[in-house]
>>> print(open('data_22.cif').read())   # mmCIF, C-alpha atoms
data_model
loop_
_atom_site.label_atom_id
_atom_site.label_comp_id
_atom_site.auth_asym_id
_atom_site.auth_seq_id
_atom_site.Cartn_x
_atom_site.Cartn_y
_atom_site.Cartn_z
CA MET A 116 16.45 -67.12 -23.78
CA THR A 117 16.84 -67.16 -20.02
CA SER A 118 19.90 -64.96 -20.14
CA SER A 119 18.18 -62.43 -22.38
CA THR A 120 15.10 -62.27 -20.16
CA SER A 121 17.19 -61.78 -17.03
CA SER A 122 19.15 -58.99 -18.64
CA SER A 123 15.95 -57.30 -19.77
CA ASN A 124 14.46 -57.44 -16.28
CA SER A 125 17.62 -55.99 -14.79
CA VAL A 126 17.53 -53.00 -17.14
CA ALA A 127 13.85 -52.43 -16.40
CA ALA A 128 14.54 -52.46 -12.66
CA VAL A 129 17.26 -49.86 -13.05
CA ASN A 130 15.08 -47.65 -15.26
CA SER A 131 12.12 -47.90 -12.87
CA ASP A 132 14.13 -46.44 -9.96
CA ARG A 133 15.88 -43.51 -11.58
CA ILE A 134 14.76 -41.22 -8.74
CA SER A 135 16.75 -43.19 -6.15
CA GLY A 136 19.80 -42.74 -8.33
CA MET A 137 19.66 -38.98 -7.96
CA GLN A 138 21.86 -37.07 -5.54
CA ASP A 139 20.49 -36.23 -2.09
CA ASP A 140 20.26 -32.48 -2.70
CA VAL A 141 18.09 -33.11 -5.78
CA LEU A 142 15.82 -35.47 -3.85
CA LEU A 143 15.52 -33.00 -0.98
CA HIS A 144 14.54 -30.28 -3.43
CA ILE A 145 11.78 -32.56 -4.75
CA LEU A 146 10.59 -33.40 -1.23
CA SER A 147 10.39 -29.70 -0.37
CA PHE A 148 7.35 -29.39 -2.67
CA LEU A 149 5.40 -32.04 -0.73
CA PRO A 150 3.48 -31.62 2.52
CA THR A 151 5.80 -32.81 5.27
CA ILE A 152 3.63 -35.77 6.40
CA MET A 153 3.54 -37.05 2.83
CA SER A 154 7.28 -36.50 2.55
CA ALA A 155 7.83 -38.55 5.73
CA LYS A 156 5.93 -41.47 4.25
CA THR A 157 8.76 -41.95 1.72
CA SER A 158 10.79 -43.45 4.59
CA ILE A 159 9.23 -46.86 3.85
CA LEU A 160 10.68 -46.99 0.33
CA SER A 161 14.16 -48.20 1.27
CA ARG A 162 16.97 -47.79 3.79
CA ARG A 163 18.31 -44.79 1.90
CA TRP A 164 14.94 -43.02 2.09
CA ARG A 165 14.35 -43.78 5.78
CA PHE A 166 15.57 -40.45 7.17
CA LEU A 167 16.02 -38.46 3.97
CA TRP A 168 12.79 -36.52 4.55
CA ALA A 169 14.19 -35.31 7.89
CA TYR A 170 16.73 -33.19 5.99
CA ALA A 171 14.16 -31.46 3.76
CA PRO A 172 14.53 -27.66 4.16
CA ASP A 173 10.77 -26.99 4.31
CA LEU A 174 8.13 -28.05 6.83
CA ILE A 175 4.60 -27.85 5.42
CA PHE A 176 1.64 -28.91 7.57
CA GLU A 177 -2.04 -28.98 6.60
CA THR A 178 -5.33 -29.01 8.50
CA ASP A 179 -5.70 -32.80 8.51
CA ASP A 180 -2.29 -33.37 10.10
CA ASP A 181 -2.40 -34.64 13.67
CA VAL A 182 -0.81 -32.30 16.22
CA ASP A 183 1.11 -35.17 17.86
CA ILE A 184 2.61 -36.07 14.49
CA VAL A 185 3.66 -32.45 14.00
CA TYR A 186 5.59 -32.65 17.30
CA ARG A 187 7.24 -35.94 16.25
CA VAL A 188 8.23 -34.46 12.89
CA MET A 189 9.82 -31.44 14.56
CA LEU A 190 11.62 -33.74 17.02
CA LEU A 191 13.03 -35.91 14.23
CA HIS A 192 13.88 -33.08 11.84
CA ARG A 193 17.66 -32.96 11.52
CA THR A 194 18.51 -29.70 9.73
CA LYS A 195 20.12 -26.87 11.66
CA SER A 196 18.09 -24.31 9.74
CA ILE A 197 14.60 -24.23 8.19
CA ASN A 198 13.93 -22.55 4.90
CA THR A 199 10.11 -22.54 5.27
CA LEU A 200 7.58 -23.39 7.97
CA ARG A 201 4.03 -23.31 6.67
CA MET A 202 0.81 -24.16 8.50
CA THR A 203 -2.15 -23.57 6.25
CA ARG A 204 -5.91 -23.83 6.00
CA CYS A 205 -6.76 -22.78 9.54
CA PHE A 206 -4.51 -25.30 11.27
CA PRO A 207 -5.86 -26.19 14.77
CA CYS A 208 -3.66 -25.47 17.77
CA THR A 209 -3.60 -24.16 21.34
CA ASP A 210 -1.71 -21.07 22.49
CA LEU A 211 1.02 -23.24 24.03
CA GLN A 212 1.45 -25.20 20.80
CA PHE A 213 1.56 -21.99 18.79
CA ASP A 214 4.29 -20.49 21.00
CA THR A 215 6.25 -23.75 20.95
CA TRP A 216 6.22 -23.98 17.17
CA ILE A 217 7.25 -20.34 16.82
CA ALA A 218 10.13 -20.83 19.26
CA TYR A 219 11.20 -23.96 17.36
CA ALA A 220 11.21 -22.10 14.05
CA VAL A 221 13.20 -19.19 15.44
CA MET A 222 15.77 -21.54 17.02
CA ARG A 223 16.14 -23.27 13.63
CA LYS A 224 16.78 -19.89 11.94
CA VAL A 225 13.64 -19.94 9.82
CA ARG A 226 13.67 -17.75 6.68
CA ASN A 227 10.03 -18.00 5.56
CA LEU A 228 7.12 -18.33 7.97
CA ASP A 229 3.51 -18.73 6.79
CA LEU A 230 0.92 -19.31 9.54
CA TRP A 231 -2.82 -19.68 9.25
CA VAL A 232 -3.93 -21.29 12.49
CA GLU A 233 -6.99 -21.24 14.73
CA GLY A 234 -7.42 -18.67 17.48
CA THR A 235 -5.80 -15.35 18.24
CA ARG A 236 -2.96 -14.76 20.68
CA ILE A 237 -0.23 -12.19 21.25
CA LEU A 238 2.63 -12.72 18.84
CA PRO A 239 5.65 -14.12 20.74
CA GLN A 240 8.48 -11.68 21.33
CA CYS A 241 11.04 -14.13 19.93
CA LEU A 242 9.42 -13.92 16.50
CA LEU A 243 9.55 -10.12 16.53
CA ASN A 244 13.31 -10.35 16.99
CA CYS A 245 14.08 -13.13 14.50
CA GLU A 246 17.18 -11.97 12.62
CA THR A 247 16.92 -14.63 9.88
CA LEU A 248 13.31 -14.05 8.83
CA VAL A 249 12.90 -12.90 5.20
CA ASP A 250 9.22 -13.58 4.48
CA LEU A 251 6.46 -13.44 7.15
CA ARG A 252 2.80 -14.19 6.45
CA LEU A 253 0.29 -14.22 9.30
CA SER A 254 -3.38 -15.06 8.70
CA TYR A 255 -6.20 -14.97 11.29
CA CYS A 256 -3.88 -16.17 14.03
CA CYS A 257 -2.45 -13.47 16.26
CA VAL A 258 -2.53 -10.08 17.90
CA ILE A 259 0.25 -7.61 17.04
CA PRO A 260 1.51 -6.17 20.36
CA ASP A 261 2.06 -2.46 20.97
CA ALA A 262 4.99 -2.95 23.36
CA GLY A 263 8.38 -4.64 23.28
CA THR A 264 11.23 -4.39 20.81
CA VAL A 265 10.93 -5.28 17.13
CA TYR A 266 14.07 -6.20 15.22
CA LEU A 267 13.60 -7.94 11.87
CA PRO A 268 16.67 -6.79 9.94
CA ARG A 269 16.29 -9.19 6.99
CA LEU A 270 12.50 -9.15 6.56
CA LYS A 271 11.57 -8.16 2.99
CA ASN A 272 7.99 -9.42 2.63
CA LEU A 273 5.27 -8.97 5.25
CA HIS A 274 1.64 -10.09 4.86
CA LEU A 275 -0.86 -9.41 7.66
CA ILE A 276 -4.19 -11.04 6.79
CA GLU A 277 -7.07 -10.44 9.21
CA VAL A 278 -4.85 -10.14 12.27
CA GLU A 279 -5.71 -8.06 15.33
CA TYR A 280 -3.81 -5.19 16.95
CA GLU A 281 -3.47 -4.18 20.60
CA SER A 282 -3.69 -0.49 19.67
CA ASP A 283 -3.13 2.01 16.85
CA GLU A 284 0.58 1.99 17.72
CA SER A 285 1.01 -1.74 17.05
CA LEU A 286 1.37 -1.44 13.27
CA PRO A 287 3.79 1.54 13.21
CA ARG A 288 5.92 -0.15 15.88
CA LEU A 289 6.09 -3.36 13.86
CA LEU A 290 7.01 -1.58 10.63
CA SER A 291 9.68 0.52 12.34
CA GLY A 292 11.61 -2.65 13.16
CA CYS A 293 11.54 -3.92 9.55
CA THR A 294 14.45 -1.94 8.17
CA GLN A 295 14.69 -3.81 4.84
CA LEU A 296 10.97 -4.29 4.12
CA GLU A 297 10.12 -4.19 0.39
CA GLU A 298 6.59 -5.59 0.15
CA PHE A 299 3.73 -5.10 2.59
CA VAL A 300 0.23 -6.58 2.23
CA LEU A 301 -2.47 -5.60 4.73
CA LYS A 302 -5.99 -7.05 4.72
CA SER A 303 -8.57 -6.33 7.39
CA ASP A 304 -12.32 -6.52 7.92
CA GLU A 305 -14.16 -5.87 11.19
CA GLU A 306 -11.12 -5.48 13.45
CA LEU A 307 -10.36 -1.95 12.28
CA LEU A 308 -8.04 0.54 13.90
CA SER A 309 -9.00 4.19 14.09
CA CYS A 310 -5.84 4.91 12.10
CA TYR A 311 -3.65 2.66 9.95
CA LYS A 312 -0.29 4.39 9.75
CA ILE A 313 2.01 2.82 7.17
CA SER A 314 5.38 4.51 7.27
CA SER A 315 8.55 3.02 5.85
CA PRO A 316 11.47 4.40 3.80
CA THR A 317 12.02 1.04 2.07
CA ILE A 318 8.58 -0.31 1.05
CA GLU A 319 8.36 -0.63 -2.75
CA ARG A 320 5.09 -2.56 -3.10
CA LEU A 321 2.03 -1.86 -0.94
CA THR A 322 -1.37 -3.57 -1.01
CA VAL A 323 -4.18 -2.55 1.36
CA HIS A 324 -7.58 -4.29 1.38
CA PHE A 325 -10.49 -3.36 3.66
CA TYR A 326 -13.64 -5.48 3.78
CA LEU A 327 -16.49 -3.94 5.75
CA SER A 328 -19.97 -5.25 6.31
CA ASP A 329 -22.99 -3.02 5.84
CA ALA A 330 -23.38 -2.81 9.62
CA THR A 331 -19.86 -1.48 10.14
CA SER A 332 -19.79 2.16 11.28
CA TYR A 333 -16.09 2.81 11.82
CA GLU A 334 -14.34 6.06 11.05
CA CYS A 335 -10.97 4.81 9.84
CA ARG A 336 -7.97 6.79 8.58
CA LEU A 337 -5.23 5.46 6.34
CA VAL A 338 -1.92 7.33 6.43
CA ILE A 339 0.77 6.27 3.96
CA ASN A 340 4.34 7.59 4.05
CA THR A 341 6.41 5.41 1.73
CA PRO A 342 8.84 7.48 -0.40
CA ALA A 343 10.31 4.40 -2.17
CA LEU A 344 6.87 3.15 -3.29
CA GLY A 345 6.66 1.86 -6.86
CA TYR A 346 3.37 -0.09 -6.69
CA LEU A 347 0.20 0.73 -4.75
CA GLN A 348 -3.09 -1.17 -4.63
CA ILE A 349 -5.93 -0.07 -2.37
CA CYS A 350 -9.19 -2.02 -2.39
CA ASP A 351 -12.22 -1.65 -0.19
CA GLY A 352 -15.55 -3.27 0.37
CA VAL A 353 -17.14 -0.14 1.77
CA ASP A 354 -20.65 0.79 0.71
CA ASN A 355 -19.94 3.68 -1.68
CA SER A 356 -22.98 5.61 -0.44
CA THR A 357 -20.95 6.28 2.71
CA PRO A 358 -18.47 9.07 1.85
CA LEU A 359 -14.79 9.01 2.65
CA ILE A 360 -14.12 11.81 5.15
CA GLU A 361 -10.67 12.90 4.05
CA ALA A 362 -7.97 11.80 1.61
CA GLU A 363 -4.42 13.14 1.73
CA ILE A 364 -2.04 11.97 -1.01
CA TYR A 365 1.54 12.91 -1.77
CA LEU A 366 2.79 11.32 -5.00
CA GLU A 367 6.47 11.27 -5.85
CA LYS A 368 7.91 10.27 -9.21
CA GLY A 369 11.38 8.87 -9.78
CA SER A 370 13.70 9.91 -12.59
CA ASN A 371 13.32 6.77 -14.73
CA LYS A 372 11.68 8.04 -17.94
CA LYS A 373 10.96 4.48 -19.07
CA TYR A 374 7.88 4.31 -16.82
CA ASP A 375 6.54 7.86 -17.31
CA PHE A 376 3.41 6.78 -19.19
CA LEU A 377 2.59 3.90 -16.84
CA TYR A 378 3.10 6.11 -13.81
CA SER A 379 0.80 8.81 -15.21
CA ARG A 380 -1.88 6.24 -15.96
CA SER A 381 -1.63 4.82 -12.46
CA ILE A 382 -2.15 8.32 -10.99
CA GLN A 383 -5.25 8.76 -13.14
CA LYS A 384 -6.66 5.43 -11.95
CA PHE A 385 -5.89 6.38 -8.35
CA ILE A 386 -7.75 9.70 -8.65
CA ASP A 387 -10.65 7.88 -10.32
CA TRP A 388 -10.71 5.48 -7.37
CA LEU A 389 -10.92 8.45 -4.98
CA GLY A 390 -13.95 9.72 -6.85
CA ILE A 391 -15.71 6.38 -6.40
CA LEU A 392 -15.20 6.68 -2.62
CA ASN A 393 -17.07 10.03 -2.56
CA PRO A 394 -14.53 11.96 -0.44
CA LYS A 395 -15.49 15.17 1.35
CA SER A 396 -11.94 16.53 1.41
CA ILE A 397 -8.91 15.89 -0.82
CA ARG A 398 -5.33 17.05 -0.31
CA LEU A 399 -3.38 16.12 -3.44
CA ASN A 400 0.31 16.98 -3.69
CA LEU A 401 1.93 16.42 -7.09
CA SER A 402 4.82 18.83 -6.52
CA SER A 403 7.58 16.22 -6.81
CA TYR A 404 6.04 14.69 -9.91
CA LEU A 405 5.28 17.92 -11.80
CA THR A 406 8.72 19.45 -11.22
CA GLN A 407 10.33 16.49 -13.00
CA GLN A 408 11.32 17.25 -16.58
CA THR A 409 8.60 14.98 -18.03
CA GLY A 410 5.93 15.37 -15.33
CA GLU A 411 2.57 16.77 -16.38
CA SER A 412 -1.02 16.70 -15.21
CA LYS A 413 -2.75 16.08 -18.54
CA PHE A 414 -3.01 12.44 -17.52
CA PHE A 415 -6.17 13.43 -15.60
CA ALA A 416 -9.01 13.19 -18.08
CA GLY A 417 -11.60 14.46 -15.61
CA THR A 418 -14.09 11.68 -16.32
CA VAL A 419 -15.01 10.92 -12.70
CA SER A 420 -17.26 13.25 -10.72
CA PHE A 421 -16.77 14.22 -7.07
CA PRO A 422 -20.34 15.00 -5.93
CA THR A 423 -19.52 15.04 -2.19
CA LEU A 424 -16.24 16.98 -2.41
CA THR A 425 -16.42 20.24 -0.44
CA LYS A 426 -12.72 20.99 0.15
CA LEU A 427 -9.86 20.64 -2.34
CA GLU A 428 -6.21 21.42 -1.67
CA LEU A 429 -3.93 21.05 -4.70
CA ASP A 430 -0.19 21.31 -5.19
CA ALA A 431 -0.31 21.06 -8.97
CA ASP A 432 -0.82 23.21 -12.07
CA CYS A 433 -3.82 25.12 -13.39
CA PHE A 434 -4.87 22.31 -15.74
CA LEU A 435 -5.71 20.06 -12.81
CA VAL A 436 -7.61 22.87 -11.09
CA SER A 437 -9.79 23.25 -14.17
CA GLN A 438 -10.56 19.52 -14.29
CA PHE A 439 -11.57 19.35 -10.64
CA LEU A 440 -13.77 22.44 -10.88
CA LYS A 441 -15.73 20.86 -13.73
CA ASN A 442 -16.32 17.68 -11.73
CA ALA A 443 -16.90 18.92 -8.17
CA ASP A 444 -20.27 20.66 -8.24
CA ASN A 445 -20.43 21.17 -4.46
CA LEU A 446 -16.90 22.45 -3.87
CA GLU A 447 -16.81 25.14 -1.16
CA ILE A 448 -13.10 25.60 -0.41
CA LEU A 449 -10.25 25.71 -2.96
CA ILE A 450 -6.59 25.95 -1.92
CA PHE A 451 -4.15 26.01 -4.82
CA ASN A 452 -0.35 26.02 -4.80
CA GLU A 453 1.27 26.32 -8.24
CA VAL A 454 4.21 23.91 -8.56
CA SER A 455 4.82 23.33 -12.30
CA GLU A 456 7.97 24.63 -13.96
CA GLU A 457 7.69 27.95 -15.80
CA LYS A 458 8.64 26.48 -19.17
CA LYS A 459 5.91 23.85 -18.88
CA SER A 460 3.10 26.00 -17.47
CA TYR A 461 -0.17 25.47 -19.29
CA VAL A 462 -2.08 28.38 -20.74
CA TRP A 463 -5.35 28.85 -18.92
CA VAL A 464 -8.28 28.14 -21.20
CA GLU A 465 -11.66 29.24 -19.97
CA PRO A 466 -14.16 26.37 -19.84
CA LEU A 467 -17.07 26.51 -22.28
CA GLN A 468 -19.45 26.55 -19.35
CA VAL A 469 -18.96 28.09 -15.92
CA PRO A 470 -18.50 25.23 -13.41
CA LYS A 471 -21.56 24.76 -11.20
CA CYS A 472 -19.55 25.06 -8.01
CA LEU A 473 -18.64 28.66 -8.91
CA LEU A 474 -22.27 29.59 -9.35
CA SER A 475 -23.59 28.25 -6.06
CA HIS A 476 -21.04 26.80 -3.61
CA LEU A 477 -17.44 28.08 -3.77
CA LYS A 478 -17.00 30.38 -0.75
CA VAL A 479 -13.27 30.32 0.03
CA ILE A 480 -10.27 30.56 -2.31
CA LYS A 481 -6.63 30.54 -1.24
CA PHE A 482 -3.76 30.96 -3.71
CA VAL A 483 -0.15 30.19 -2.84
CA ASN A 484 2.62 31.24 -5.27
CA THR A 485 0.03 31.44 -8.00
CA VAL A 486 -0.59 35.01 -9.22
CA ASP A 487 3.00 35.66 -10.37
CA LYS A 488 2.46 33.59 -13.56
CA MET A 489 0.36 35.12 -16.30
CA ASN A 490 -1.69 32.03 -17.11
CA ASN A 491 -2.58 31.60 -13.43
CA PHE A 492 -3.40 35.32 -13.23
CA GLU A 493 -6.01 34.82 -15.96
CA MET A 494 -7.39 31.84 -14.03
CA VAL A 495 -7.71 33.94 -10.87
CA LYS A 496 -9.61 36.65 -12.73
CA PHE A 497 -11.96 34.06 -14.22
CA LEU A 498 -12.73 32.61 -10.81
CA LEU A 499 -13.38 35.99 -9.26
CA LYS A 500 -15.71 37.07 -12.04
CA ASN A 501 -17.79 33.89 -11.87
CA ALA A 502 -17.71 32.87 -8.18
CA ARG A 503 -21.08 34.32 -7.21
CA VAL A 504 -21.07 33.31 -3.53
CA LEU A 505 -17.36 33.88 -2.81
CA GLU A 506 -16.77 35.20 0.72
CA GLU A 507 -13.03 34.91 1.37
CA MET A 508 -9.90 35.30 -0.76
CA ASP A 509 -6.35 34.67 0.56
CA ILE A 510 -3.28 35.44 -1.56
CA ILE A 511 0.19 34.32 -0.51
CA TYR A 512 2.97 35.38 -2.88
CA SER A 513 6.66 36.17 -3.26
CA LYS A 514 7.29 39.89 -3.58
CA THR A 515 8.35 41.16 -7.01
CA SER A 516 7.40 44.39 -8.79
CA ASP A 517 5.38 42.53 -11.41
CA THR A 518 3.58 40.40 -8.83
CA GLU A 519 2.74 43.44 -6.68
CA GLU A 520 0.86 44.98 -9.59
CA LYS A 521 -1.11 41.80 -10.24
CA VAL A 522 -2.04 41.46 -6.57
CA ARG A 523 -3.35 45.05 -6.47
CA GLU A 524 -5.51 44.31 -9.52
CA ILE A 525 -6.88 41.16 -7.87
CA VAL A 526 -7.70 43.04 -4.65
CA LEU A 527 -9.62 45.67 -6.63
CA LEU A 528 -11.48 42.94 -8.48
CA CYS A 529 -12.38 41.30 -5.15
CA LYS A 530 -13.91 44.56 -3.96
CA ARG A 531 -15.95 44.88 -7.16
CA CYS A 532 -17.17 41.32 -6.67
CA ARG A 533 -18.08 42.18 -3.07
CA VAL A 534 -15.85 39.55 -1.49
CA THR A 535 -16.30 39.87 2.27
CA ARG A 536 -12.68 39.23 3.33
CA VAL A 537 -9.44 39.60 1.37
CA GLU A 538 -6.08 38.79 2.96
CA VAL A 539 -2.71 39.30 1.26
CA VAL A 540 0.51 37.79 2.68
CA LYS A 541 4.00 38.48 1.30
CA LEU A 542 6.60 35.76 1.73
#
>>> encode(input="data_22.cif", output="structure tokens")
Amino acid sequence: MTSSTSSSNSVAAVNSDRISGMQDDVLLHILSFLPTIMSAKTSILSRRWRFLWAYAPDLIFETDDDVDIVYRVMLLHRTKSINTLRMTRCFPCTDLQFDTWIAYAVMRKVRNLDLWVEGTRILPQCLLNCETLVDLRLSYCCVIPDAGTVYLPRLKNLHLIEVEYESDESLPRLLSGCTQLEEFVLKSDEELLSCYKISSPTIERLTVHFYLSDATSYECRLVINTPALGYLQICDGVDNSTPLIEAEIYLEKGSNKKYDFLYSRSIQKFIDWLGILNPKSIRLNLSSYLTQQTGESKFFAGTVSFPTLTKLELDADCFLVSQFLKNADNLEILIFNEVSEEKKSYVWVEPLQVPKCLLSHLKVIKFVNTVDKMNNFEMVKFLLKNARVLEEMDIIYSKTSDTEEKVREIVLLCKRCRVTRVEVVKL
């Protein structure tokens, strides 16, 4: 009986400590999911666990952690490189402590840095030249400088949450040094720049959030130049009664036919979003998309109105022109550049009702490379016959014998409609 009981207790003891029987790399992987202070407390378990936590690849500190303990942890940490340093939930610190921790992380070749700490201070230059950094997330904690070099050759993910900027040049300068950047998330509220310029040949995913209070009276521009972009999300907390001044969008479609439908739907949602912002001016360039074999503009259902839109510049086909005319009652200026392929050009179909903007507001029309196609020629004639307050007509075209005849007919029609100024330019 005694022998049996002893054997049973021995087996139970072994089974109860299976974790200690695991290899170090497995245990370190488990410890990496724990906050570092909690991980350090495992040192009391046994001699083997005493310094095991010091080799964990990640350092994760929370608001309740004492600053002195953070220093001791960093002093005792024994790895030559850090996978992740994370300080979350508005971690309290002074400027000196912030700079010290950043320097420590850079010296340990940190790959992922996530900081949400108290106060704002200029971002240390050493961080802006960290060659090992892959993922950088800064929240409420720093000012992006507008001077000094930026060299982040491995950075792929960048999140700037409620940070400040020394000037409008701070953001472009930062992005120019991120030569491998794939994802960029920008969130800002009251600390707005006059212009957010997001330019990068490598960004594939872009998220921009603006949160403005009712008392905010900024005039803010957003310029996006990201030719590799595959995902775009733009959210705002602006009072929609305040119109967007100007929107300029160039949309480029890749050659992967698998995503044609999804891409077209995303464009429709984007244009719908513009309508909600009540823009005064829109410059929409779909030339790259529409010249693809499968590109077309019928994705735009024309369900959103543009009551404040007074100027529209389109690089598209006549279908999209028709949809905008029906939904922009106060349009005054129309600039249209035909870009669809000849074999895919849509036949102009006169709307059942004359758009309201033609009857009372449209004063200026400019056509570029438009009148040489028969369906567009019919559209031009329709506009001229129904635009009752039209004052100016500009026609820019490539010279051919057939086009010359159409242009002469349009000029005569302009005179009959008493258009004040008609200008014809041959390319």
>>> residues_around(input="data_22.cif", residues="Leu344 (chain A)", least_positions_apart="4", cutoff="9 Å", atoms="only C-alpha atoms", output="mmCIF file with C-alpha atoms, in the coordinates of the input")
data_model
loop_
_atom_site.group_PDB
_atom_site.id
_atom_site.type_symbol
_atom_site.label_atom_id
_atom_site.label_comp_id
_atom_site.auth_asym_id
_atom_site.auth_seq_id
_atom_site.Cartn_x
_atom_site.Cartn_y
_atom_site.Cartn_z
ATOM 1 C CA GLU A 297 10.120 -4.190 0.390
ATOM 2 C CA PRO A 316 11.470 4.400 3.800
ATOM 3 C CA THR A 317 12.020 1.040 2.070
ATOM 4 C CA ILE A 318 8.580 -0.310 1.050
ATOM 5 C CA GLU A 319 8.360 -0.630 -2.750
ATOM 6 C CA ARG A 320 5.090 -2.560 -3.100
ATOM 7 C CA LEU A 321 2.030 -1.860 -0.940
ATOM 8 C CA ASN A 340 4.340 7.590 4.050
ATOM 9 C CA GLU A 367 6.470 11.270 -5.850
#
>>> residues_around(input="data_22.cif", residues="region 519-535 of chain A", least_positions_apart="5", cutoff="12 Å", atoms="all atoms listed in the file", output="ChimeraX atom specification")
/A:477-480,482,484-514,540-541
>>> axis_aligned_box(input="data_22.cif", around="region 210-216 of chain A", padding_each_side="6 Å", output="lines of an AutoDock Vina configuration file")
center_x = 2.3
center_y = -22.8
center_z = 20.6
size_x = 20.0
size_y = 16.7
size_z = 18.9
>>> closest_residue(input="data_22.cif", among="A:Leu190, A:Val258, A:Val300, A:Ile184", to="Glu279 (chain A)", atoms="only C-alpha atoms")
A:Val258
>>> atom_distance(input="data_22.cif", atom1="CA of Leu401 (chain A)", atom2="CA of Leu273 (chain A)")
28.4 Å
>>> decode(input="data_22.cif", residues="region 253-264 of chain A", atoms="N, CA, C and O atoms", output="PDB file, in the first residue's frame")
ATOM      1  N   LEU A 253       2.917  54.947 -32.619  1.00  0.00           N
ATOM      2  CA  LEU A 253       3.078  56.044 -31.671  1.00  0.00           C
ATOM      3  C   LEU A 253       1.719  56.653 -31.372  1.00  0.00           C
ATOM      4  O   LEU A 253       0.998  57.063 -32.295  1.00  0.00           O
ATOM      5  N   SER A 254       1.378  56.737 -30.077  1.00  0.00           N
ATOM      6  CA  SER A 254       0.066  57.250 -29.679  1.00  0.00           C
ATOM      7  C   SER A 254       0.218  58.339 -28.622  1.00  0.00           C
ATOM      8  O   SER A 254       0.759  58.100 -27.542  1.00  0.00           O
ATOM      9  N   TYR A 255      -0.231  59.555 -28.941  1.00  0.00           N
ATOM     10  CA  TYR A 255      -0.341  60.655 -27.975  1.00  0.00           C
ATOM     11  C   TYR A 255       0.986  61.038 -27.316  1.00  0.00           C
ATOM     12  O   TYR A 255       0.974  61.661 -26.255  1.00  0.00           O
ATOM     13  N   CYS A 256       2.113  60.702 -27.887  1.00  0.00           N
ATOM     14  CA  CYS A 256       3.337  60.776 -27.084  1.00  0.00           C
ATOM     15  C   CYS A 256       4.463  61.613 -27.671  1.00  0.00           C
ATOM     16  O   CYS A 256       5.491  61.780 -27.018  1.00  0.00           O
ATOM     17  N   CYS A 257       4.334  62.147 -28.852  1.00  0.00           N
ATOM     18  CA  CYS A 257       5.523  62.780 -29.429  1.00  0.00           C
ATOM     19  C   CYS A 257       5.163  63.820 -30.473  1.00  0.00           C
ATOM     20  O   CYS A 257       4.017  63.956 -30.899  1.00  0.00           O
ATOM     21  N   VAL A 258       6.200  64.543 -30.873  1.00  0.00           N
ATOM     22  CA  VAL A 258       6.116  65.514 -31.959  1.00  0.00           C
ATOM     23  C   VAL A 258       7.034  65.032 -33.076  1.00  0.00           C
ATOM     24  O   VAL A 258       8.213  64.763 -32.844  1.00  0.00           O
ATOM     25  N   ILE A 259       6.499  64.913 -34.286  1.00  0.00           N
ATOM     26  CA  ILE A 259       7.302  64.501 -35.439  1.00  0.00           C
ATOM     27  C   ILE A 259       8.098  65.706 -35.923  1.00  0.00           C
ATOM     28  O   ILE A 259       7.508  66.729 -36.287  1.00  0.00           O
ATOM     29  N   PRO A 260       9.430  65.637 -35.930  1.00  0.00           N
ATOM     30  CA  PRO A 260      10.239  66.796 -36.318  1.00  0.00           C
ATOM     31  C   PRO A 260      10.196  67.048 -37.828  1.00  0.00           C
ATOM     32  O   PRO A 260       9.878  66.150 -38.613  1.00  0.00           O
ATOM     33  N   ASP A 261      10.525  68.276 -38.213  1.00  0.00           N
ATOM     34  CA  ASP A 261      10.581  68.607 -39.642  1.00  0.00           C
ATOM     35  C   ASP A 261      12.018  68.763 -40.137  1.00  0.00           C
ATOM     36  O   ASP A 261      12.249  69.249 -41.243  1.00  0.00           O
ATOM     37  N   ALA A 262      12.982  68.371 -39.317  1.00  0.00           N
ATOM     38  CA  ALA A 262      14.390  68.461 -39.703  1.00  0.00           C
ATOM     39  C   ALA A 262      15.104  67.170 -39.314  1.00  0.00           C
ATOM     40  O   ALA A 262      14.601  66.370 -38.515  1.00  0.00           O
ATOM     41  N   GLY A 263      16.293  66.987 -39.854  1.00  0.00           N
ATOM     42  CA  GLY A 263      17.065  65.789 -39.547  1.00  0.00           C
ATOM     43  C   GLY A 263      16.781  64.678 -40.540  1.00  0.00           C
ATOM     44  O   GLY A 263      15.775  64.694 -41.255  1.00  0.00           O
ATOM     45  N   THR A 264      17.673  63.707 -40.581  1.00  0.00           N
ATOM     46  CA  THR A 264      17.530  62.600 -41.520  1.00  0.00           C
ATOM     47  C   THR A 264      16.541  61.559 -40.997  1.00  0.00           C
ATOM     48  O   THR A 264      16.371  61.398 -39.797  1.00  0.00           O
TER      49      THR A 264
END
